[in-house]
Amino acid sequence: MQRGRGLGALLASGEGEESAGAAESVYDVVRRDWRWDSVDDRHLYLARLVRELKLGLDPVFALLAGDADDCERATRMLELLALSGSEQAREALRAYVHEGEHWVDVLESVADAWPVEWWDDLADVARARLTGEERLLWRCGPWVRWGMAGETSSPGRPARPGVTDVGTSSGRLLSVLADGGSSRSDKVRALQVLAGRPPEPGLIPFVPGLADVNGELPLPGLTRAVDRLGVLAVPEARAWAVDERPWLSWTGIRVLAEHGEVQDLPVLVDELAAHEEARQWCGPSVLADGLARFGAAAADAAPTLRRLWLRTPHSYERPAYVKALAAIAPAGLDLVYAESLWDCESEARLLGIASAPDLPHVRELLARLRDDPMEETEVRVAAGERLASPS
């Protein structure tokens with residue numbers, strides 16, 4: 001449940017010993033943000049569990065009184081529960097707009113999620129609460145509708161002409177990167193310009209020298225500029241991939257994952273295993289996507305991919321492991337697809353909808369996904385289409 005896996009939801013909503021203590025487990029995950037990364041989804045997953053288990057909302061309401069992050073998590077859950085029919089959730093958020101500290105964020109969020117008639121009458125409350133100190137980024141929902149949108153920014157000073165302007169030749173940009181006397185800002189600007197142009201092979205020899213932050217990271221813009229090179233960078237990327245500098249090694253690995261050949265598989269499989277061993281949860285999806293290109297030839301990676309799918313707390317990357325396994329070792333994935341129907345990530349649910357076995361309990365869950373007012377539109381549509389297709 002902390003990881004947002006479908007298994008946690010299945011066990012909590014089941015019957016018998018497996019569901020014992022489910023309420024406290026859900027509350028524990030509600031109270032503490034267990035996400036590995038801010039892009040990981042949990043709000044719909046938890047809101048659905050709260051609804052399915054008919055749990056009281058007090059622990060969710062308590063988060064509203066917390067800091068901005070806690071308030072945001074509570075808002076996302078409560079606005080979904082309101083869509084699912086909870087008047088208590090709806091009124092709690094409306095009351096927060098009247099009195100809460102982070103009322104601007106809450107108002108913008110519910111205006112994006114709810115029918116307009118649920119929040120339109122809060123205009124006078126908003127006008128009364130404005131102090132003039134709020135940020136002026138109000139080119140959205142309620143502020144535009146109420147004629148209260150502020151300026152998004154003040155006109156900036158025009159940039160001074162320099163050697164790294166967009167019109168500068170690629171040769172001149174490369175000379176900036178080669179010159180040890182060039183400033184960091186000029187090098188960064190040169191990389192940004194190159195990243196917006198067709199591939200420039202002349203960049204390749206300079207890549208190992210374009211480090212930042214005491215040599216621990218690539219200069220801003222380098223990753224995008226290297227991405228433009230594509231397959232042109234593969235020969236040098238093989239040397240980068242085994243370099244002792246982690247930032248350069250990862251630069252090479254990324255190139256090989258996207259454009260490498262079968263001869264590069266051992267390096268990619270070893271790197272995937274190294275990520276697992278070091279518990280580096282951000283990054284294996286890049287490797288999984290790359291390994292999937294090779295199909296059955298990458299079979300050595302399948303055990304690691306399965307373990308990553310089971311263990312990673314970084315739910316945003318989990319669908320990549322399923323897709324890679326489907327390409328590399330598809331046998332025995334029926335249970336993975338069925339569990340994915342309950343996953344916290346919508347991409348995982350879509351994979352489950354497309355490939356879960358045609359069984360009565362699967363079709364029952366597909367119908368629930370199709371009809372759930374909390375569910376994302378893309379998922380609801382996909383579930384409906386799967387149900388409408390011949391079994």
# chains A, B, ... in the order shown; residues from 1 in each chain; ligands from 1

call {"tool": "residues_around", "arguments": {"residues": "Val104 of chain A", "least_positions_apart": "2", "cutoff": "10 Å", "atoms": "only C-alpha atoms", "output": "list in words"}}
result
Tyr96, Val97, Gly100, Glu101, His102, Val106, Leu107, Glu108, Ser109, Ala126, Arg129, Leu130, Glu134, Arg135 and Trp138 of chain A

call {"tool": "residues_around", "arguments": {"residues": "Gly171 of chain A", "least_positions_apart": "3", "cutoff": "12 Å", "atoms": "only C-alpha atoms", "output": "PDB file with C-alpha atoms, in the first residue's frame"}}
result
ATOM      1  CA  VAL A 163      28.470  34.993 -28.661  1.00  0.00           C
ATOM      2  CA  THR A 164      25.788  32.464 -27.758  1.00  0.00           C
ATOM      3  CA  GLY A 167      21.981  33.279 -34.681  1.00  0.00           C
ATOM      4  CA  THR A 168      25.525  32.303 -33.754  1.00  0.00           C
ATOM      5  CA  LEU A 174      31.573  24.768 -30.197  1.00  0.00           C
ATOM      6  CA  SER A 175      34.523  27.118 -29.788  1.00  0.00           C
ATOM      7  CA  VAL A 176      32.860  28.523 -26.670  1.00  0.00           C
ATOM      8  CA  LEU A 177      32.612  24.982 -25.259  1.00  0.00           C
ATOM      9  CA  ALA A 178      36.242  24.239 -26.174  1.00  0.00           C
ATOM     10  CA  ALA A 190      25.827  27.498 -26.037  1.00  0.00           C
ATOM     11  CA  LEU A 194      22.732  23.549 -29.680  1.00  0.00           C
ATOM     12  CA  GLU A 200      25.865  18.635 -34.138  1.00  0.00           C
ATOM     13  CA  PRO A 201      28.484  15.822 -34.180  1.00  0.00           C
ATOM     14  CA  GLY A 202      31.176  18.366 -33.334  1.00  0.00           C
ATOM     15  CA  LEU A 203      29.845  18.407 -29.770  1.00  0.00           C
TER      16      LEU A 203
END

call {"tool": "residues_around", "arguments": {"residues": "segment 248-252 of chain A", "least_positions_apart": "3", "cutoff": "8 Å", "atoms": "only C-alpha atoms", "output": "list in words"}}
result
Pro208, Pro218, Thr223, Val234, Glu236, Ala237, Arg238, Ala239, Trp240, Ala241, Val242, Asp243, Glu244, Arg245, Val255 and Leu256 of chain A

call {"tool": "select_by_dssp", "arguments": {"residues": "segment 79-312 of chain A", "states": "alpha helix (DSSP H)", "output": "PyMOL selection string"}}
result
chain A and resi 79-83+87-99+103-113+123-129+141-145+170-178+184-195+222-229+234-241+246-259+265-278+284-292+302-311

call {"tool": "closest_residue", "arguments": {"among": "A:Val125, A:Leu81, A:Ala65, A:Ala354", "to": "His43 of chain A", "atoms": "only C-alpha atoms"}}
result
A:Leu81

call {"tool": "decode", "arguments": {"residues": "segment 66-86 of chain A", "atoms": "C-alpha atoms", "output": "tab-separated table (two decimals), in the first residue's frame"}}
result
chain	number	residue	atom	x	y	z
A	66	GLY	CA	-0.86	20.97	7.94
A	67	ASP	CA	1.76	22.53	5.70
A	68	ALA	CA	1.25	23.22	2.00
A	69	ASP	CA	2.23	19.68	0.96
A	70	ASP	CA	-0.13	18.02	3.46
A	71	CYS	CA	-2.93	20.36	2.45
A	72	GLU	CA	-2.38	19.56	-1.22
A	73	ARG	CA	-2.53	15.81	-0.60
A	74	ALA	CA	-5.73	16.15	1.42
A	75	THR	CA	-7.29	18.39	-1.21
A	76	ARG	CA	-6.62	15.93	-4.02
A	77	MET	CA	-8.21	13.08	-2.06
A	78	LEU	CA	-11.19	15.08	-0.84
A	79	GLU	CA	-12.03	16.58	-4.22
A	80	LEU	CA	-12.19	13.06	-5.66
A	81	LEU	CA	-14.32	11.79	-2.80
A	82	ALA	CA	-16.66	14.72	-3.40
A	83	LEU	CA	-16.97	13.71	-7.05
A	84	SER	CA	-17.85	10.24	-5.82
A	85	GLY	CA	-20.74	11.61	-3.78
A	86	SER	CA	-19.30	12.65	-0.42
